[in-house]
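What follows is start_28.cif (mmCIF, C-alpha atoms).
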data_protein
#
loop_
_atom_site.group_PDB
_atom_site.id
_atom_site.type_symbol
_atom_site.label_atom_id
_atom_site.label_comp_id
_atom_site.auth_asym_id
_atom_site.auth_seq_id
_atom_site.Cartn_x
_atom_site.Cartn_y
_atom_site.Cartn_z
ATOM 1 C CA MET A 1 43.338 11.919 67.030
ATOM 2 C CA ARG A 2 41.082 11.968 63.968
ATOM 3 C CA PRO A 3 38.785 8.967 63.362
ATOM 4 C CA ALA A 4 39.680 6.798 60.443
ATOM 5 C CA ARG A 5 37.386 8.049 57.619
ATOM 6 C CA PRO A 6 38.450 5.506 55.012
ATOM 7 C CA ALA A 7 36.725 2.811 57.048
ATOM 8 C CA ARG A 8 33.422 4.707 56.920
ATOM 9 C CA ALA A 9 33.882 5.229 53.227
ATOM 10 C CA ARG A 10 34.358 1.546 52.825
ATOM 11 C CA GLU A 11 31.137 0.887 54.756
ATOM 12 C CA GLU A 12 29.084 3.207 52.548
ATOM 13 C CA PRO A 13 29.849 1.334 49.300
ATOM 14 C CA ALA A 14 29.061 -1.865 51.105
ATOM 15 C CA ARG A 15 25.683 -0.483 52.113
ATOM 16 C CA GLY A 16 25.107 0.750 48.578
ATOM 17 C CA SER A 17 25.969 -2.673 47.263
ATOM 18 C CA ALA A 18 23.571 -4.255 49.722
ATOM 19 C CA THR A 19 20.833 -1.819 48.723
ATOM 20 C CA ARG A 20 21.466 -2.453 45.049
ATOM 21 C CA GLY A 21 21.526 -6.161 45.755
ATOM 22 C CA SER A 22 18.182 -5.937 47.527
ATOM 23 C CA ALA A 23 16.743 -3.873 44.689
ATOM 24 C CA GLY A 24 18.061 -6.365 42.143
ATOM 25 C CA SER A 25 16.585 -9.241 44.102
ATOM 26 C CA GLY A 26 13.249 -7.410 44.261
ATOM 27 C CA ALA A 27 13.357 -6.777 40.524
ATOM 28 C CA ARG A 28 14.142 -10.409 39.838
ATOM 29 C CA ALA A 29 11.312 -11.487 42.159
ATOM 30 C CA ALA A 30 8.924 -9.141 40.391
ATOM 31 C CA ALA A 31 10.064 -10.467 37.036
ATOM 32 C CA ASP A 32 9.600 -14.031 38.244
ATOM 33 C CA ALA A 33 6.138 -13.162 39.547
ATOM 34 C CA GLY A 34 5.269 -11.509 36.235
ATOM 35 C CA GLY A 35 6.501 -14.529 34.355
ATOM 36 C CA ALA A 36 4.408 -16.774 36.567
ATOM 37 C CA ALA A 37 1.396 -14.556 35.926
ATOM 38 C CA ASP A 38 2.029 -14.733 32.187
ATOM 39 C CA VAL A 39 2.244 -18.514 32.367
ATOM 40 C CA SER A 40 -0.947 -18.621 34.454
ATOM 41 C CA THR A 41 -2.712 -16.341 31.984
ATOM 42 C CA ALA A 42 -1.521 -18.450 29.087
ATOM 43 C CA ALA A 43 -2.762 -21.556 30.868
ATOM 44 C CA ASP A 44 -6.154 -19.934 31.396
ATOM 45 C CA VAL A 45 -6.360 -18.953 27.732
ATOM 46 C CA SER A 46 -5.271 -22.420 26.710
ATOM 47 C CA THR A 47 -7.959 -23.924 28.915
ATOM 48 C CA THR A 48 -10.594 -21.618 27.484
ATOM 49 C CA THR A 49 -9.702 -21.715 23.823
ATOM 50 C CA GLY A 50 -7.848 -25.010 23.622
ATOM 51 C CA ALA A 51 -4.321 -25.659 22.468
ATOM 52 C CA PRO A 52 -3.387 -24.323 19.019
ATOM 53 C CA GLY A 53 -4.733 -26.653 16.369
ATOM 54 C CA ALA A 54 -6.832 -28.660 18.830
ATOM 55 C CA PRO A 55 -10.586 -29.036 18.109
ATOM 56 C CA VAL A 56 -12.910 -26.895 20.220
ATOM 57 C CA ALA A 57 -16.455 -28.114 20.886
ATOM 58 C CA ARG A 58 -19.226 -25.815 19.724
ATOM 59 C CA PRO A 59 -21.703 -24.655 22.350
ATOM 60 C CA SER A 60 -24.824 -26.798 22.402
ATOM 61 C CA LEU A 61 -27.947 -25.228 20.922
ATOM 62 C CA PRO A 62 -30.872 -24.918 23.371
ATOM 63 C CA THR A 63 -33.708 -27.343 22.682
ATOM 64 C CA ARG A 64 -36.257 -24.580 22.089
ATOM 65 C CA ARG A 65 -34.101 -22.925 19.440
ATOM 66 C CA ARG A 66 -33.305 -26.281 17.857
ATOM 67 C CA VAL A 67 -36.988 -27.174 17.588
ATOM 68 C CA GLY A 68 -37.693 -23.720 16.160
ATOM 69 C CA ARG A 69 -35.034 -24.118 13.496
ATOM 70 C CA PHE A 70 -36.303 -27.597 12.698
ATOM 71 C CA GLY A 71 -39.788 -26.127 12.294
ATOM 72 C CA VAL A 72 -38.519 -23.543 9.796
ATOM 73 C CA VAL A 73 -36.680 -26.226 7.816
ATOM 74 C CA ALA A 74 -39.751 -28.482 8.032
ATOM 75 C CA ALA A 75 -41.882 -25.694 6.528
ATOM 76 C CA LEU A 76 -39.422 -25.350 3.656
ATOM 77 C CA ASN A 77 -39.355 -29.129 3.272
ATOM 78 C CA ALA A 78 -43.142 -29.101 3.115
ATOM 79 C CA ALA A 79 -43.016 -26.550 0.297
ATOM 80 C CA VAL A 80 -40.619 -28.781 -1.641
ATOM 81 C CA ASP A 81 -42.639 -31.899 -0.822
ATOM 82 C CA VAL A 82 -46.015 -30.425 -1.764
ATOM 83 C CA GLY A 83 -44.646 -28.732 -4.860
ATOM 84 C CA VAL A 84 -43.126 -31.910 -6.259
ATOM 85 C CA PHE A 85 -46.143 -33.988 -5.209
ATOM 86 C CA THR A 86 -48.600 -31.567 -6.821
ATOM 87 C CA ALA A 87 -46.612 -31.487 -10.032
ATOM 88 C CA LEU A 88 -46.543 -35.278 -10.201
ATOM 89 C CA VAL A 89 -50.266 -35.580 -9.500
ATOM 90 C CA LEU A 90 -51.020 -33.043 -12.235
ATOM 91 C CA LEU A 91 -48.990 -35.168 -14.624
ATOM 92 C CA ARG A 92 -50.903 -38.275 -13.493
ATOM 93 C CA PRO A 93 -54.522 -37.286 -12.668
ATOM 94 C CA ASP A 94 -56.685 -39.388 -10.333
ATOM 95 C CA PRO A 95 -54.030 -41.828 -9.065
ATOM 96 C CA GLY A 96 -55.036 -44.810 -6.947
ATOM 97 C CA PRO A 97 -53.819 -45.342 -3.355
ATOM 98 C CA ARG A 98 -50.722 -47.315 -4.404
ATOM 99 C CA GLU A 99 -49.700 -44.919 -7.144
ATOM 100 C CA LEU A 100 -50.355 -42.016 -4.821
ATOM 101 C CA ALA A 101 -47.970 -43.590 -2.295
ATOM 102 C CA VAL A 102 -45.261 -43.874 -4.978
ATOM 103 C CA LEU A 103 -45.683 -40.255 -6.044
ATOM 104 C CA SER A 104 -45.575 -39.207 -2.417
ATOM 105 C CA GLY A 105 -42.351 -41.166 -1.936
ATOM 106 C CA ILE A 106 -40.685 -39.326 -4.835
ATOM 107 C CA ALA A 107 -41.717 -35.982 -3.354
ATOM 108 C CA VAL A 108 -40.470 -37.006 0.089
ATOM 109 C CA LEU A 109 -37.099 -38.000 -1.404
ATOM 110 C CA ALA A 110 -36.699 -34.511 -2.871
ATOM 111 C CA ALA A 111 -37.640 -32.998 0.485
ATOM 112 C CA LEU A 112 -35.130 -35.253 2.293
ATOM 113 C CA LEU A 113 -32.254 -33.956 0.176
ATOM 114 C CA HIS A 114 -33.338 -30.423 1.027
ATOM 115 C CA SER A 115 -33.690 -31.405 4.684
ATOM 116 C CA TYR A 116 -30.150 -32.747 4.973
ATOM 117 C CA ALA A 117 -28.645 -29.658 3.370
ATOM 118 C CA TRP A 118 -30.297 -27.373 5.952
ATOM 119 C CA ASN A 119 -30.464 -29.501 9.095
ATOM 120 C CA SER A 120 -26.842 -30.651 8.948
ATOM 121 C CA ARG A 121 -25.629 -27.044 8.741
ATOM 122 C CA TRP A 122 -28.190 -25.097 10.747
ATOM 123 C CA THR A 123 -30.498 -27.111 13.013
ATOM 124 C CA PHE A 124 -27.856 -29.636 14.096
ATOM 125 C CA GLY A 125 -24.745 -27.673 13.136
ATOM 126 C CA ASP A 126 -23.342 -28.004 16.673
ATOM 127 C CA ARG A 127 -23.671 -31.784 16.405
ATOM 128 C CA ALA A 128 -22.495 -32.208 12.811
ATOM 129 C CA ALA A 129 -19.267 -34.148 12.415
ATOM 130 C CA ARG A 130 -16.163 -32.335 11.155
ATOM 131 C CA SER A 131 -14.003 -35.284 10.159
ATOM 132 C CA LEU A 132 -14.496 -37.056 6.842
ATOM 133 C CA ALA A 133 -15.244 -40.388 8.536
ATOM 134 C CA GLY A 134 -17.714 -38.717 10.889
ATOM 135 C CA ARG A 135 -19.558 -37.008 8.035
ATOM 136 C CA ARG A 136 -19.815 -40.287 6.153
ATOM 137 C CA ALA A 137 -21.259 -42.011 9.221
ATOM 138 C CA GLN A 138 -23.805 -39.222 9.715
ATOM 139 C CA ARG A 139 -24.828 -39.342 6.056
ATOM 140 C CA LEU A 140 -25.345 -43.079 6.338
ATOM 141 C CA ARG A 141 -27.507 -42.651 9.437
ATOM 142 C CA PHE A 142 -29.411 -39.840 7.692
ATOM 143 C CA ALA A 143 -30.046 -42.142 4.743
ATOM 144 C CA LEU A 144 -31.391 -44.781 7.129
ATOM 145 C CA GLN A 145 -33.747 -42.303 8.776
ATOM 146 C CA GLY A 146 -34.740 -41.203 5.281
ATOM 147 C CA VAL A 147 -35.779 -44.768 4.466
ATOM 148 C CA VAL A 148 -37.849 -44.844 7.665
ATOM 149 C CA ASN A 149 -39.288 -41.438 6.769
ATOM 150 C CA LEU A 150 -40.251 -42.639 3.307
ATOM 151 C CA ALA A 151 -41.848 -45.798 4.698
ATOM 152 C CA VAL A 152 -43.815 -43.921 7.368
ATOM 153 C CA GLY A 153 -45.002 -41.260 4.912
ATOM 154 C CA ALA A 154 -46.039 -43.786 2.264
ATOM 155 C CA LEU A 155 -47.825 -45.950 4.832
ATOM 156 C CA VAL A 156 -49.797 -42.998 6.228
ATOM 157 C CA VAL A 157 -50.731 -41.768 2.727
ATOM 158 C CA TRP A 158 -51.877 -45.228 1.690
ATOM 159 C CA ALA A 159 -53.867 -45.872 4.882
ATOM 160 C CA VAL A 160 -55.569 -42.453 5.026
ATOM 161 C CA SER A 161 -56.274 -42.372 1.292
ATOM 162 C CA ARG A 162 -57.774 -45.848 1.382
ATOM 163 C CA GLY A 163 -59.926 -44.976 4.378
ATOM 164 C CA LEU A 164 -61.180 -41.724 2.835
ATOM 165 C CA ASP A 165 -61.900 -43.428 -0.488
ATOM 166 C CA ALA A 166 -63.899 -46.111 1.300
ATOM 167 C CA ALA A 167 -65.861 -43.539 3.284
ATOM 168 C CA SER A 168 -66.465 -41.330 0.207
ATOM 169 C CA LEU A 169 -66.814 -38.309 2.430
ATOM 170 C CA LEU A 170 -64.502 -35.967 0.507
ATOM 171 C CA PRO A 171 -63.799 -35.212 -3.152
ATOM 172 C CA PRO A 172 -60.779 -37.174 -4.490
ATOM 173 C CA GLY A 173 -58.507 -34.112 -4.691
ATOM 174 C CA VAL A 174 -59.305 -33.016 -1.130
ATOM 175 C CA ALA A 175 -58.883 -36.562 0.188
ATOM 176 C CA ASP A 176 -55.487 -36.878 -1.507
ATOM 177 C CA GLY A 177 -54.339 -33.555 -0.052
ATOM 178 C CA LEU A 178 -55.498 -34.505 3.447
ATOM 179 C CA ALA A 179 -53.726 -37.860 3.227
ATOM 180 C CA LYS A 180 -50.535 -36.111 2.150
ATOM 181 C CA LEU A 181 -50.807 -33.547 4.945
ATOM 182 C CA MET A 182 -51.235 -36.215 7.623
ATOM 183 C CA SER A 183 -48.267 -38.146 6.254
ATOM 184 C CA MET A 184 -46.084 -35.023 6.343
ATOM 185 C CA VAL A 185 -46.947 -34.239 9.973
ATOM 186 C CA THR A 186 -46.317 -37.808 11.097
ATOM 187 C CA ALA A 187 -43.079 -38.179 9.111
ATOM 188 C CA SER A 188 -41.754 -34.825 10.388
ATOM 189 C CA ALA A 189 -42.220 -35.847 14.006
ATOM 190 C CA VAL A 190 -40.486 -39.172 13.406
ATOM 191 C CA SER A 191 -37.715 -37.426 11.449
ATOM 192 C CA TYR A 192 -36.933 -34.984 14.274
ATOM 193 C CA LEU A 193 -36.662 -37.755 16.846
ATOM 194 C CA LEU A 194 -34.370 -39.802 14.607
ATOM 195 C CA MET A 195 -32.136 -36.831 13.784
ATOM 196 C CA ARG A 196 -31.921 -35.747 17.421
ATOM 197 C CA HIS A 197 -31.149 -39.160 18.888
ATOM 198 C CA LEU A 198 -29.585 -41.117 16.002
ATOM 199 C CA VAL A 199 -28.238 -39.082 13.085
ATOM 200 C CA PHE A 200 -26.684 -36.135 14.955
ATOM 201 C CA ARG A 201 -26.187 -37.796 18.304
ATOM 202 C CA GLY A 202 -22.622 -36.531 18.993
ATOM 203 C CA ARG A 203 -21.072 -33.137 19.683
ATOM 204 C CA GLY A 204 -19.396 -31.505 16.729
ATOM 205 C CA ALA A 205 -16.091 -29.698 17.124
ATOM 206 C CA THR A 206 -14.350 -26.983 15.168
ATOM 207 C CA GLY A 207 -10.799 -27.612 14.166
ATOM 208 C CA PRO A 208 -8.493 -28.514 11.294
ATOM 209 C CA GLY A 209 -10.210 -30.502 8.543
#
File written out as structure tokens:
Amino acid sequence: MRPARPARAREEPARGSATRGSAGSGARAAADAGGAADVSTAADVSTTTGAPGAPVARPSLPTRRRVGRFGVVAALNAAVDVGVFTALVLLRPDPGPRELAVLSGIAVLAALLHSYAWNSRWTFGDRAARSLAGRRAQRLRFALQGVVNLAVGALVVWAVSRGLDAASLLPPGVADGLAKLMSMVTASAVSYLLMRHLVFRGRGATGPG
């Protein structure tokens, strides 16, 4: 008697179906794994770059580079300060200690405007506020440090000029220049400390607005 072949034929499609089912399951598993990898990758990118539209903090500038940039800006400020001061002294020859302090204050004010334009964008750009309210607060604090800067510079000019005039060791022009130089060095040191710890004390962030 011949064996029943239809039964074997029925088994073969069943095996094929099982094989296809296993292959389909493997494909679905691979797709699920790929989807999970895509989600994981997206999560990593989101963690690194931040969610779309969310502010991302700028990397902090190393102290050495920040001081170097401040030194460059300070040199430019000095050029503005000395230039304005020299022009004012030429317009008003042989000023006394008090008048010299006033002229120095006007020159320092011009240098402060120059200082804010550069330091807020370059030296402390990573700490500059991005929101309108934050920028207003920083400008107010900068104005306060500017008042301190003016007071310190004027006080040093007055004190050094008075001392040199009393000692009569140097010609008036040289004494005035030395007094101005000492005031600039002192005011610059005070200005850096105030900007670093008061004016630009936060961490700026890039983002909308």
Box for segment 189-198 of chain A - axis-aligned, 6 Å on each of the six sides, all listed atoms - centre and size in Å to one decimal, as JSON.
{"center_x": -35.9, "center_y": -38.1, "center_z": 15.2, "size_x": 24.6, "size_y": 18.1, "size_z": 19.4}
(request) Give me the result of the PyMOL selection byres ((chain A and resi 172) around 12) on this file, residue by residue, as a PyMOL selection string. (result) chain A and resi 89+93-97+100+161-171+173-179
(message) Using all atoms listed in the file, can you tell me which of A:Ser131, A:Ser60, A:Thr123, A:Asn149 comes closest to Ala111 of chain A?
(response) A:Asn149
(request) For the structure provided, state which residues fall under the PyMOL selection byres ((chain A and resi 190-197) around 8), and present them as an MDAnalysis selection string. (result) chainID A and resid 70 142 145:146 149 186:189 198:201
Suppose we keep C-alpha atoms; can you now write the selection as a short mmCIF file (atom, residue, chain, number, x, y, z; two decimals), in the frame of the given file?
data_model
loop_
_atom_site.label_atom_id
_atom_site.label_comp_id
_atom_site.auth_asym_id
_atom_site.auth_seq_id
_atom_site.Cartn_x
_atom_site.Cartn_y
_atom_site.Cartn_z
CA PHE A 70 -36.30 -27.60 12.70
CA PHE A 142 -29.41 -39.84 7.69
CA GLN A 145 -33.75 -42.30 8.78
CA GLY A 146 -34.74 -41.20 5.28
CA ASN A 149 -39.29 -41.44 6.77
CA THR A 186 -46.32 -37.81 11.10
CA ALA A 187 -43.08 -38.18 9.11
CA SER A 188 -41.75 -34.83 10.39
CA ALA A 189 -42.22 -35.85 14.01
CA LEU A 198 -29.58 -41.12 16.00
CA VAL A 199 -28.24 -39.08 13.08
CA PHE A 200 -26.68 -36.14 14.96
CA ARG A 201 -26.19 -37.80 18.30
#
(message) For a test of reading the model, state the distance in Å between atom CA of Leu132 of chain A and atom CA of Ala151 of chain A, rounded to one decimal.
(response) 28.8 Å
(request) Grab the atom CA of Val185 of chain A to atom CA of Leu90 of chain A distance for me, in Å with one decimal place. (result) 22.6 Å
(request) Could you tell me how far atom CA of Met182 of chain A lies from atom CA of Arg139 of chain A, in Å and to one decimal? (result)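 According to the coordinates, atom CA of Met182 of chain A and atom CA of Arg139 of chain A are separated by 26.6 Å.
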(request) Within 8 Å of Ser115 of chain A, counting all atoms listed in the file, which residues show up once you throw out same-chain ones fewer than 3 positions away? Write them as a list in words, please. (result)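 Answer for this query is Val73, Ala74, Asn77, Ala111, Leu112, Trp118 and Asn119 of chain A.
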Since we have the selection now, will you write its residues out, keeping C-alpha atoms, as a short mmCIF file (atom, residue, chain, number, x, y, z; two decimals), in the frame of the given file?
data_model
loop_
_atom_site.label_atom_id
_atom_site.label_comp_id
_atom_site.auth_asym_id
_atom_site.auth_seq_id
_atom_site.Cartn_x
_atom_site.Cartn_y
_atom_site.Cartn_z
CA VAL A 73 -36.68 -26.23 7.82
CA ALA A 74 -39.75 -28.48 8.03
CA ASN A 77 -39.35 -29.13 3.27
CA ALA A 111 -37.64 -33.00 0.48
CA LEU A 112 -35.13 -35.25 2.29
CA TRP A 118 -30.30 -27.37 5.95
CA ASN A 119 -30.46 -29.50 9.10
#
